[in-house]
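Let me begin by presenting the structure, written as structure tokens, before commenting on it.
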Amino acid sequence: MTTTPDGRPIPPAHADERAMLEAWLDFHRATLALKCSGLKDDQLRLSSAAPSSMTLLGLVQHLAEVERNWFQRVFAGQDLPPVFGESNGDGFALHPDRGLEEAMAAWQAEIARGRELIAAASLDDSGRLSKQEAGHVGDQGVSLRWIMIHMIEEYARHNGHADLIRERIDGVAGA
């Protein structure tokens with residue numbers, strides 16, 4: 001079996017480090033998409049619980065921004081604006097005319113661009129953090145290995161949020 005019953009790719013039980021990291025990142029990306037599937041626009045815009053304003057649609061947008069930041073800005077050193085505009089640097093703010101289809105397309109485009117940028121890179125190759133970001137890590141240089149592990153952590157944490165939001169919307173939990 002190479003996929004779960006809900007269609008997500010199963011990370012291999014035995015693989016080299018790069019394949020394992022890529023597989024777990026893809027699994028978590030697929031989990032976020034699954035959490036958003038089958039919902040109407042108004043449901044995707046429901047916040048989790050007061051005082052949080054976090055929504056499933058906001059999480060998709062946020063993770064598009066996270067993908068851009070870590071693979072394009074940090075790893076590849078590109079100077080790019082936020083995916084959804086300067087006033088929405090973290091991606092969480094919703095726009096009344098932007099629905100899931102547009103947000104998913106942007107997210108998928110950021111994933112594809114990141115994959116292109118790291119395809120030929122070694123896990124030991126480094127990107128560069130800003131001085132402010134480096135204050136949280138302790139170094140301005142971070143390896144692709146570090147970035148990929150951080151991305152898995154980022155998705156896992158936000159998928160936990162997505163699970164709670166989805167359960168609040170329609171009772172669907174787990175996965």
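How things are named: the first chain in the structure tokens is A, the next is B, and so on; residues count from 1 in each chain; ligands count from 1 in the order shown.
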Q.
Give me, as a VMD selection string, all polymer residues having an atom no more than 9 Å from Leu144 (chain A), counting only C-alpha atoms and skipping those fewer than 2 positions away in the same chain.
A. chain A and resid 71 75 118 121 to 127 142 146 to 149
Please, could you write that set of residues out with all heavy atoms as a short mmCIF file (atom, residue, chain, number, x, y, z; two decimals), in the first residue's frame?
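Produced file selection18.cif, reproduced below:
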data_model
loop_
_atom_site.label_atom_id
_atom_site.label_comp_id
_atom_site.auth_asym_id
_atom_site.auth_seq_id
_atom_site.Cartn_x
_atom_site.Cartn_y
_atom_site.Cartn_z
N PHE A 71 11.81 28.15 1.27
CA PHE A 71 12.51 27.61 0.11
C PHE A 71 13.00 28.70 -0.85
O PHE A 71 14.09 28.58 -1.40
CB PHE A 71 11.64 26.58 -0.63
CG PHE A 71 11.42 25.34 0.19
CD1 PHE A 71 10.14 24.96 0.56
CD2 PHE A 71 12.49 24.56 0.59
CE1 PHE A 71 9.93 23.81 1.32
CE2 PHE A 71 12.30 23.41 1.36
CZ PHE A 71 11.02 23.04 1.71
N PHE A 75 16.31 29.73 1.54
CA PHE A 75 17.23 28.81 0.90
C PHE A 75 17.82 29.37 -0.39
O PHE A 75 19.03 29.34 -0.59
CB PHE A 75 16.57 27.45 0.63
CG PHE A 75 17.54 26.44 0.09
CD1 PHE A 75 18.51 25.90 0.92
CD2 PHE A 75 17.53 26.07 -1.24
CE1 PHE A 75 19.46 25.00 0.44
CE2 PHE A 75 18.46 25.17 -1.73
CZ PHE A 75 19.42 24.64 -0.89
N ILE A 118 15.09 23.09 -4.74
CA ILE A 118 15.89 22.18 -3.91
C ILE A 118 16.21 20.87 -4.61
O ILE A 118 16.97 20.06 -4.07
CB ILE A 118 15.22 21.89 -2.55
CG1 ILE A 118 13.93 21.08 -2.70
CG2 ILE A 118 14.97 23.20 -1.79
CD1 ILE A 118 13.37 20.54 -1.40
N ALA A 121 19.86 20.22 -4.89
CA ALA A 121 20.63 20.66 -3.73
C ALA A 121 20.92 19.50 -2.78
O ALA A 121 20.16 18.54 -2.69
CB ALA A 121 19.86 21.75 -2.98
N SER A 122 22.01 19.64 -2.07
CA SER A 122 22.37 18.70 -1.01
C SER A 122 21.67 19.13 0.27
O SER A 122 21.43 20.32 0.49
CB SER A 122 23.89 18.74 -0.80
OG SER A 122 24.24 18.18 0.44
N LEU A 123 21.39 18.18 1.13
CA LEU A 123 20.82 18.52 2.43
C LEU A 123 21.77 19.37 3.25
O LEU A 123 21.35 20.06 4.18
CB LEU A 123 20.45 17.25 3.22
CG LEU A 123 19.29 16.44 2.67
CD1 LEU A 123 19.13 15.15 3.47
CD2 LEU A 123 18.00 17.24 2.69
N ASP A 124 23.05 19.36 2.91
CA ASP A 124 24.04 20.17 3.61
C ASP A 124 24.17 21.58 3.05
O ASP A 124 24.82 22.42 3.66
CB ASP A 124 25.41 19.47 3.58
CG ASP A 124 25.41 18.18 4.37
OD1 ASP A 124 24.77 18.14 5.44
OD2 ASP A 124 26.04 17.21 3.91
N ASP A 125 23.57 21.85 1.88
CA ASP A 125 23.59 23.21 1.34
C ASP A 125 22.83 24.13 2.28
O ASP A 125 21.87 23.70 2.94
CB ASP A 125 22.96 23.25 -0.05
CG ASP A 125 23.80 22.57 -1.11
OD1 ASP A 125 24.99 22.29 -0.85
OD2 ASP A 125 23.26 22.30 -2.20
N SER A 126 23.26 25.38 2.34
CA SER A 126 22.66 26.31 3.31
C SER A 126 21.97 27.49 2.67
O SER A 126 22.36 27.97 1.61
CB SER A 126 23.74 26.85 4.26
OG SER A 126 24.15 25.85 5.14
N GLY A 127 20.96 27.94 3.38
CA GLY A 127 20.30 29.20 3.08
C GLY A 127 20.69 30.19 4.15
O GLY A 127 21.40 29.85 5.10
N VAL A 142 21.37 28.19 7.70
CA VAL A 142 20.61 26.98 8.04
C VAL A 142 20.67 26.03 6.85
O VAL A 142 20.52 26.44 5.70
CB VAL A 142 19.13 27.27 8.41
CG1 VAL A 142 19.03 27.96 9.75
CG2 VAL A 142 18.43 28.08 7.35
N TRP A 146 17.85 21.26 7.87
CA TRP A 146 17.19 21.99 8.94
C TRP A 146 15.87 22.57 8.44
O TRP A 146 14.83 22.47 9.12
CB TRP A 146 18.11 23.11 9.45
CG TRP A 146 17.62 23.79 10.69
CD1 TRP A 146 18.00 23.53 11.97
CD2 TRP A 146 16.64 24.84 10.78
NE1 TRP A 146 17.33 24.36 12.84
CE2 TRP A 146 16.48 25.17 12.13
CE3 TRP A 146 15.88 25.54 9.84
CZ2 TRP A 146 15.61 26.16 12.57
CZ3 TRP A 146 15.00 26.52 10.27
CH2 TRP A 146 14.88 26.81 11.63
N ILE A 147 15.89 23.15 7.24
CA ILE A 147 14.67 23.75 6.67
C ILE A 147 13.60 22.69 6.48
O ILE A 147 12.43 22.91 6.84
CB ILE A 147 15.00 24.47 5.34
CG1 ILE A 147 15.84 25.73 5.62
CG2 ILE A 147 13.72 24.82 4.59
CD1 ILE A 147 16.44 26.36 4.37
N MET A 148 13.97 21.54 5.94
CA MET A 148 12.96 20.50 5.71
C MET A 148 12.38 19.96 7.01
O MET A 148 11.17 19.74 7.11
CB MET A 148 13.55 19.39 4.84
CG MET A 148 13.82 19.88 3.41
SD MET A 148 14.37 18.59 2.31
CE MET A 148 12.82 17.74 2.02
N ILE A 149 13.23 19.78 8.01
CA ILE A 149 12.72 19.33 9.31
C ILE A 149 11.81 20.40 9.90
O ILE A 149 10.73 20.09 10.43
CB ILE A 149 13.87 18.96 10.26
CG1 ILE A 149 14.55 17.69 9.76
CG2 ILE A 149 13.37 18.77 11.70
CD1 ILE A 149 15.86 17.35 10.45
#
Q. If you run DSSP on this backbone, which residues of region 15-110 of chain A come out as helix (DSSP H, G or I), and could you give them as a PyMOL selection string?
A. chain A and resi 17-36+41-44+56-75+86-88+100-110
(Q) Taking only C-alpha atoms into account, name the residue in A:Pro51, A:Gly58, A:Gly91, A:Pro5 that is nearest to Leu32 (chain A). (A) A:Gly58
Q) Which of these, A:Leu56, A:Ala105, A:Leu129, A:Leu100, has the shortest distance to Gln72 (chain A) once you count only C-alpha atoms? A)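 For Gln72 (chain A), the nearest of the candidates is A:Leu129.
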Q) Skipping near chain neighbours, those fewer than 5 positions away, what residues fall within 12 Å of Asp41 (chain A) using only C-alpha atoms, listed as a count of residues only? A) 17
Q) Which value, in Å to one decimal, gives the distance between CA of Ser37 (chain A) and CA of Glu116 (chain A)? A) 26.2 Å
Q | Top pick for closest residue to Arg45 (chain A), considering A:Glu154, A:Gln108, A:Val83, A:Phe92 and counting only C-alpha atoms | A |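 Nearest to Arg45 (chain A): A:Phe92.
Closest approach to Leu34 (chain A) among A:Ser130, A:Asn159, A:Gln140, A:Gln61: A:Asn159, based on only C-alpha atoms.
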Q: Identify which of the residues A:Ala93, A:Ala49, A:Leu117, A:Leu80 lies closest to His62 (chain A), counting only C-alpha atoms when measuring atom-to-atom distances.
A: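 The shortest atom-to-atom distance to His62 (chain A) comes from A:Ala93.
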(Q) Please determine, counting only C-alpha atoms, which residue among A:Ile152, A:Ala134, A:Met104, A:Ala33 has the shortest atom-to-atom distance to Val74 (chain A). (A) A:Ala134
Q: Report the distance between CA of Arg115 (chain A) and CA of Ile165 (chain A) in Å, rounded to one decimal place.
A: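 Between CA of Arg115 (chain A) and CA of Ile165 (chain A) the gap works out to 28.5 Å.
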Q: Kindly give the distance, in Å, that separates CA of Asp163 (chain A) and CA of Arg29 (chain A), rounded to a single decimal.
A: 13.4 Å
